[in-house]
Amino acid sequence: MPNQSHSTDRIAELVVQLGRTSREYATQVDLTQAQWTCLRFFARANASTRTPSAFASFQATTRGTASQTIKALEARGLIAGQRSPEDGRSFRFMLTDAGRRHLKKDPAGDLKEVLNGWDEGTRETLLAALCDLSAALAERRDSRVFGTCADCAHFNPSQDSGYCACLASHLGADDIHKLCGSYCRDPSRGHPHDTA
């Protein structure tokens with residue numbers, strides 16, 4: 001039976017290796033790993049989070065590096081930015097039709113297919129453990145935690161939709177499982193049933 005130190009080392013090693021393996025194919029396609037992460041991020045983030053600064057936090061990089069990645073995707077026509085209607089200064093980005101088509105070649109597709117082959121209970125257990133791990137690591141490093149509205153302390157559910165108390169806005173059914181930069185972990189809610 002392995003001791004605690006051995007199993008902790010092995011888990012950390014496997015998490016790092018999984019990340020490396022799932023990104024390995026990215027070098028064989030026409031986007032860098034950072035560009036794939038950016039494309040995924042803007043596909044999964046809610047409207048208020050699709051900003052350069054939120055992507056920089058998500059990627060744990062500088063705003064300048066994040067902006068270069070965004071500009072590269074914009075130049076290729078995979079994402080498009082528009083000024084925020086709220087303040088008129090900030091830009092929000094979204095995938096173009098070409099970006100959505102390109103995302104179908106996502107190097108993480110193999111990983112998703114493997115996970116889709118697992119039963120729902122196993123996926124939910126893994127999701128809960130990874131959410132806890134991500135939140136604990138972010139807290140230790142004093143960095144921003146990203147999560148979905150479904151398990152956020154600011155979220156008030158109402159049938160298939162809800163309300164975000166942080167942003168003081170209504171959330172449609174499509175918004176509930178998107179990444180949010182205003183996320184505040186609420187352990188009492190459990191974890192979202194998010195398979196996207």
# chains A, B, ... in the order shown; residues from 1 in each chain; ligands from 1

$ residues_around --residues "stretch 70-72 of chain A" --least-positions-apart "2" --cutoff "9 Å" --atoms "only C-alpha atoms" --output "list in words"
Gln35, Cys38, Leu39, Pro52, Thr65, Ala66, Ser67, Gln68, Glu74, Ala75, Arg76, Gly77, Leu78, Ile79 and Phe93 of chain A

$ residues_around --residues "stretch 152-158 of chain A" --least-positions-apart "5" --cutoff "7 Å" --atoms "only C-alpha atoms" --output "VMD selection string"
chain A and resid 163 to 166 183 to 186

$ write_last_selection --atoms "N, CA and C atoms" --output "PDB file, in the first residue's frame"
ATOM      1  N   TYR A 163     -29.797  34.329 -11.603  1.00  0.00           N
ATOM      2  CA  TYR A 163     -29.424  35.726 -11.419  1.00  0.00           C
ATOM      3  C   TYR A 163     -28.037  35.775 -10.795  1.00  0.00           C
ATOM      4  N   CYS A 164     -27.173  36.656 -11.310  1.00  0.00           N
ATOM      5  CA  CYS A 164     -25.844  36.860 -10.743  1.00  0.00           C
ATOM      6  C   CYS A 164     -25.885  38.099  -9.860  1.00  0.00           C
ATOM      7  N   ALA A 165     -25.731  37.917  -8.549  1.00  0.00           N
ATOM      8  CA  ALA A 165     -25.771  39.034  -7.608  1.00  0.00           C
ATOM      9  C   ALA A 165     -24.533  39.914  -7.748  1.00  0.00           C
ATOM     10  N   CYS A 166     -23.409  39.354  -8.183  1.00  0.00           N
ATOM     11  CA  CYS A 166     -22.181  40.138  -8.340  1.00  0.00           C
ATOM     12  C   CYS A 166     -22.313  41.137  -9.487  1.00  0.00           C
ATOM     13  N   TYR A 183     -16.223  34.760 -10.487  1.00  0.00           N
ATOM     14  CA  TYR A 183     -16.557  33.549  -9.742  1.00  0.00           C
ATOM     15  C   TYR A 183     -16.083  33.630  -8.299  1.00  0.00           C
ATOM     16  N   CYS A 184     -16.942  33.193  -7.407  1.00  0.00           N
ATOM     17  CA  CYS A 184     -16.613  33.103  -5.988  1.00  0.00           C
ATOM     18  C   CYS A 184     -17.055  31.708  -5.541  1.00  0.00           C
ATOM     19  N   ARG A 185     -16.097  30.894  -5.194  1.00  0.00           N
ATOM     20  CA  ARG A 185     -16.386  29.503  -4.872  1.00  0.00           C
ATOM     21  C   ARG A 185     -17.330  29.389  -3.685  1.00  0.00           C
ATOM     22  N   ASP A 186     -18.315  28.523  -3.840  1.00  0.00           N
ATOM     23  CA  ASP A 186     -19.275  28.242  -2.780  1.00  0.00           C
ATOM     24  C   ASP A 186     -19.310  26.732  -2.570  1.00  0.00           C
TER      25      ASP A 186
END

$ residues_around --residues "A:Leu103" --least-positions-apart "5" --cutoff "12 Å" --atoms "only C-alpha atoms" --output "PDB file with C-alpha atoms, in the first residue's frame"
ATOM      1  CA  ALA A  26      -1.066  21.235 -30.510  1.00  0.00           C
ATOM      2  CA  VAL A  29      -1.620  21.870 -35.785  1.00  0.00           C
ATOM      3  CA  ASP A  30      -1.474  25.488 -36.887  1.00  0.00           C
ATOM      4  CA  LEU A  31      -1.960  27.250 -33.525  1.00  0.00           C
ATOM      5  CA  GLN A  35      -3.598  30.267 -28.937  1.00  0.00           C
ATOM      6  CA  TRP A  36      -5.590  27.052 -28.431  1.00  0.00           C
ATOM      7  CA  THR A  37      -6.090  27.984 -24.774  1.00  0.00           C
ATOM      8  CA  CYS A  38      -7.256  31.446 -25.831  1.00  0.00           C
ATOM      9  CA  LEU A  39      -9.672  30.064 -28.420  1.00  0.00           C
ATOM     10  CA  ARG A  40     -11.126  27.656 -25.849  1.00  0.00           C
ATOM     11  CA  PHE A  41     -11.315  30.408 -23.250  1.00  0.00           C
ATOM     12  CA  PHE A  42     -13.331  32.792 -25.431  1.00  0.00           C
ATOM     13  CA  ALA A  43     -15.602  29.921 -26.475  1.00  0.00           C
ATOM     14  CA  ARG A  44     -16.308  28.980 -22.839  1.00  0.00           C
ATOM     15  CA  LEU A  73      -6.137  34.991 -33.357  1.00  0.00           C
ATOM     16  CA  LEU A  78     -10.796  33.334 -35.494  1.00  0.00           C
ATOM     17  CA  ILE A  79     -11.978  35.857 -32.903  1.00  0.00           C
ATOM     18  CA  LEU A  95     -15.325  33.423 -31.669  1.00  0.00           C
ATOM     19  CA  THR A  96     -16.164  34.041 -35.298  1.00  0.00           C
ATOM     20  CA  ASP A  97     -17.733  31.328 -37.453  1.00  0.00           C
ATOM     21  CA  ALA A  98     -14.204  30.475 -38.608  1.00  0.00           C
ATOM     22  CA  ALA A 108      -7.914  18.455 -26.392  1.00  0.00           C
ATOM     23  CA  GLY A 109     -10.525  16.506 -28.383  1.00  0.00           C
TER      24      GLY A 109
END

$ residues_around --residues "stretch 147-149 of chain A" --least-positions-apart "3" --cutoff "12 Å" --atoms "only C-alpha atoms" --output "VMD selection string"
chain A and resid 41 44 to 46 49 58 127 to 128 130 to 132 134 to 135 138 144 152 to 157 161 to 167 169 to 187 189 to 196

$ select_by_dssp --residues "chain A" --states "strand (DSSP E or B)" --output "list in words"
Ala45, Ile79, Ala80, Gly81, Gln82, Arg83, Phe91, Arg92, Phe93, Met94, Leu95, Gly147, Thr148, Cys152, Phe155, Asn156, Pro157, Ser158, Ser161, Gly162, Tyr163, Cys164, Ser169, His170, Leu171, Leu179, Cys180 and Arg185 of chain A

$ select_by_dssp --residues "stretch 18-53 of chain A" --states "alpha helix (DSSP H)" --output "number ranges by chain"
A: 18-24, 33-44, 52-53

$ write_last_selection --atoms "N, CA and C atoms" --output "PDB file, in the first residue's frame"
ATOM      1  N   LEU A  18      -0.676  14.754 -17.705  1.00  0.00           N
ATOM      2  CA  LEU A  18      -1.917  14.848 -18.486  1.00  0.00           C
ATOM      3  C   LEU A  18      -1.990  16.166 -19.240  1.00  0.00           C
ATOM      4  N   GLY A  19      -1.609  17.245 -18.560  1.00  0.00           N
ATOM      5  CA  GLY A  19      -1.596  18.541 -19.227  1.00  0.00           C
ATOM      6  C   GLY A  19      -0.642  18.553 -20.404  1.00  0.00           C
ATOM      7  N   ARG A  20       0.527  17.989 -20.198  1.00  0.00           N
ATOM      8  CA  ARG A  20       1.537  17.946 -21.259  1.00  0.00           C
ATOM      9  C   ARG A  20       1.062  17.074 -22.428  1.00  0.00           C
ATOM     10  N   THR A  21       0.518  15.911 -22.122  1.00  0.00           N
ATOM     11  CA  THR A  21       0.065  14.990 -23.159  1.00  0.00           C
ATOM     12  C   THR A  21      -1.099  15.573 -23.956  1.00  0.00           C
ATOM     13  N   SER A  22      -2.019  16.234 -23.278  1.00  0.00           N
ATOM     14  CA  SER A  22      -3.178  16.786 -23.987  1.00  0.00           C
ATOM     15  C   SER A  22      -2.788  17.963 -24.874  1.00  0.00           C
ATOM     16  N   ARG A  23      -1.650  18.615 -24.570  1.00  0.00           N
ATOM     17  CA  ARG A  23      -1.188  19.742 -25.387  1.00  0.00           C
ATOM     18  C   ARG A  23      -0.213  19.309 -26.477  1.00  0.00           C
ATOM     19  N   GLU A  24       0.312  18.089 -26.364  1.00  0.00           N
ATOM     20  CA  GLU A  24       1.359  17.622 -27.267  1.00  0.00           C
ATOM     21  C   GLU A  24       0.973  17.752 -28.736  1.00  0.00           C
ATOM     22  N   GLN A  33       0.078  26.466 -28.360  1.00  0.00           N
ATOM     23  CA  GLN A  33      -0.689  26.023 -27.201  1.00  0.00           C
ATOM     24  C   GLN A  33      -1.444  27.187 -26.559  1.00  0.00           C
ATOM     25  N   ALA A  34      -0.787  28.347 -26.473  1.00  0.00           N
ATOM     26  CA  ALA A  34      -1.437  29.522 -25.883  1.00  0.00           C
ATOM     27  C   ALA A  34      -2.629  29.971 -26.734  1.00  0.00           C
ATOM     28  N   GLN A  35      -2.495  29.873 -28.056  1.00  0.00           N
ATOM     29  CA  GLN A  35      -3.598  30.267 -28.937  1.00  0.00           C
ATOM     30  C   GLN A  35      -4.782  29.312 -28.808  1.00  0.00           C
ATOM     31  N   TRP A  36      -4.502  28.004 -28.664  1.00  0.00           N
ATOM     32  CA  TRP A  36      -5.590  27.052 -28.431  1.00  0.00           C
ATOM     33  C   TRP A  36      -6.284  27.362 -27.112  1.00  0.00           C
ATOM     34  N   THR A  37      -5.502  27.656 -26.071  1.00  0.00           N
ATOM     35  CA  THR A  37      -6.090  27.984 -24.774  1.00  0.00           C
ATOM     36  C   THR A  37      -6.975  29.221 -24.891  1.00  0.00           C
ATOM     37  N   CYS A  38      -6.500  30.210 -25.631  1.00  0.00           N
ATOM     38  CA  CYS A  38      -7.256  31.446 -25.831  1.00  0.00           C
ATOM     39  C   CYS A  38      -8.560  31.180 -26.582  1.00  0.00           C
ATOM     40  N   LEU A  39      -8.481  30.388 -27.641  1.00  0.00           N
ATOM     41  CA  LEU A  39      -9.672  30.064 -28.420  1.00  0.00           C
ATOM     42  C   LEU A  39     -10.698  29.339 -27.546  1.00  0.00           C
ATOM     43  N   ARG A  40     -10.227  28.369 -26.765  1.00  0.00           N
ATOM     44  CA  ARG A  40     -11.126  27.656 -25.849  1.00  0.00           C
ATOM     45  C   ARG A  40     -11.723  28.608 -24.815  1.00  0.00           C
ATOM     46  N   PHE A  41     -10.868  29.485 -24.284  1.00  0.00           N
ATOM     47  CA  PHE A  41     -11.315  30.408 -23.250  1.00  0.00           C
ATOM     48  C   PHE A  41     -12.458  31.295 -23.760  1.00  0.00           C
ATOM     49  N   PHE A  42     -12.285  31.909 -24.921  1.00  0.00           N
ATOM     50  CA  PHE A  42     -13.331  32.792 -25.431  1.00  0.00           C
ATOM     51  C   PHE A  42     -14.582  32.025 -25.858  1.00  0.00           C
ATOM     52  N   ALA A  43     -14.428  30.748 -26.165  1.00  0.00           N
ATOM     53  CA  ALA A  43     -15.602  29.921 -26.475  1.00  0.00           C
ATOM     54  C   ALA A  43     -16.376  29.578 -25.207  1.00  0.00           C
ATOM     55  N   ARG A  44     -15.682  29.438 -24.076  1.00  0.00           N
ATOM     56  CA  ARG A  44     -16.308  28.980 -22.839  1.00  0.00           C
ATOM     57  C   ARG A  44     -16.659  30.080 -21.844  1.00  0.00           C
ATOM     58  N   PRO A  52      -9.319  40.800 -22.467  1.00  0.00           N
ATOM     59  CA  PRO A  52      -7.890  40.474 -22.414  1.00  0.00           C
ATOM     60  C   PRO A  52      -7.375  40.274 -20.989  1.00  0.00           C
ATOM     61  N   SER A  53      -7.827  41.109 -20.047  1.00  0.00           N
ATOM     62  CA  SER A  53      -7.316  40.961 -18.680  1.00  0.00           C
ATOM     63  C   SER A  53      -7.795  39.659 -18.039  1.00  0.00           C
TER      64      SER A  53
END

$ atom_distance --atom1 "atom CA of A:Ser48" --atom2 "atom CA of A:Arg92"
7.6 Å

$ atom_distance --atom1 "atom CA of A:Ser143" --atom2 "atom CA of A:Ala60"
8.3 Å

$ closest_residue --among "A:Ser5, A:Thr51, A:Ser57, A:Gln17" --to "A:Ala80" --atoms "only C-alpha atoms"
A:Thr51
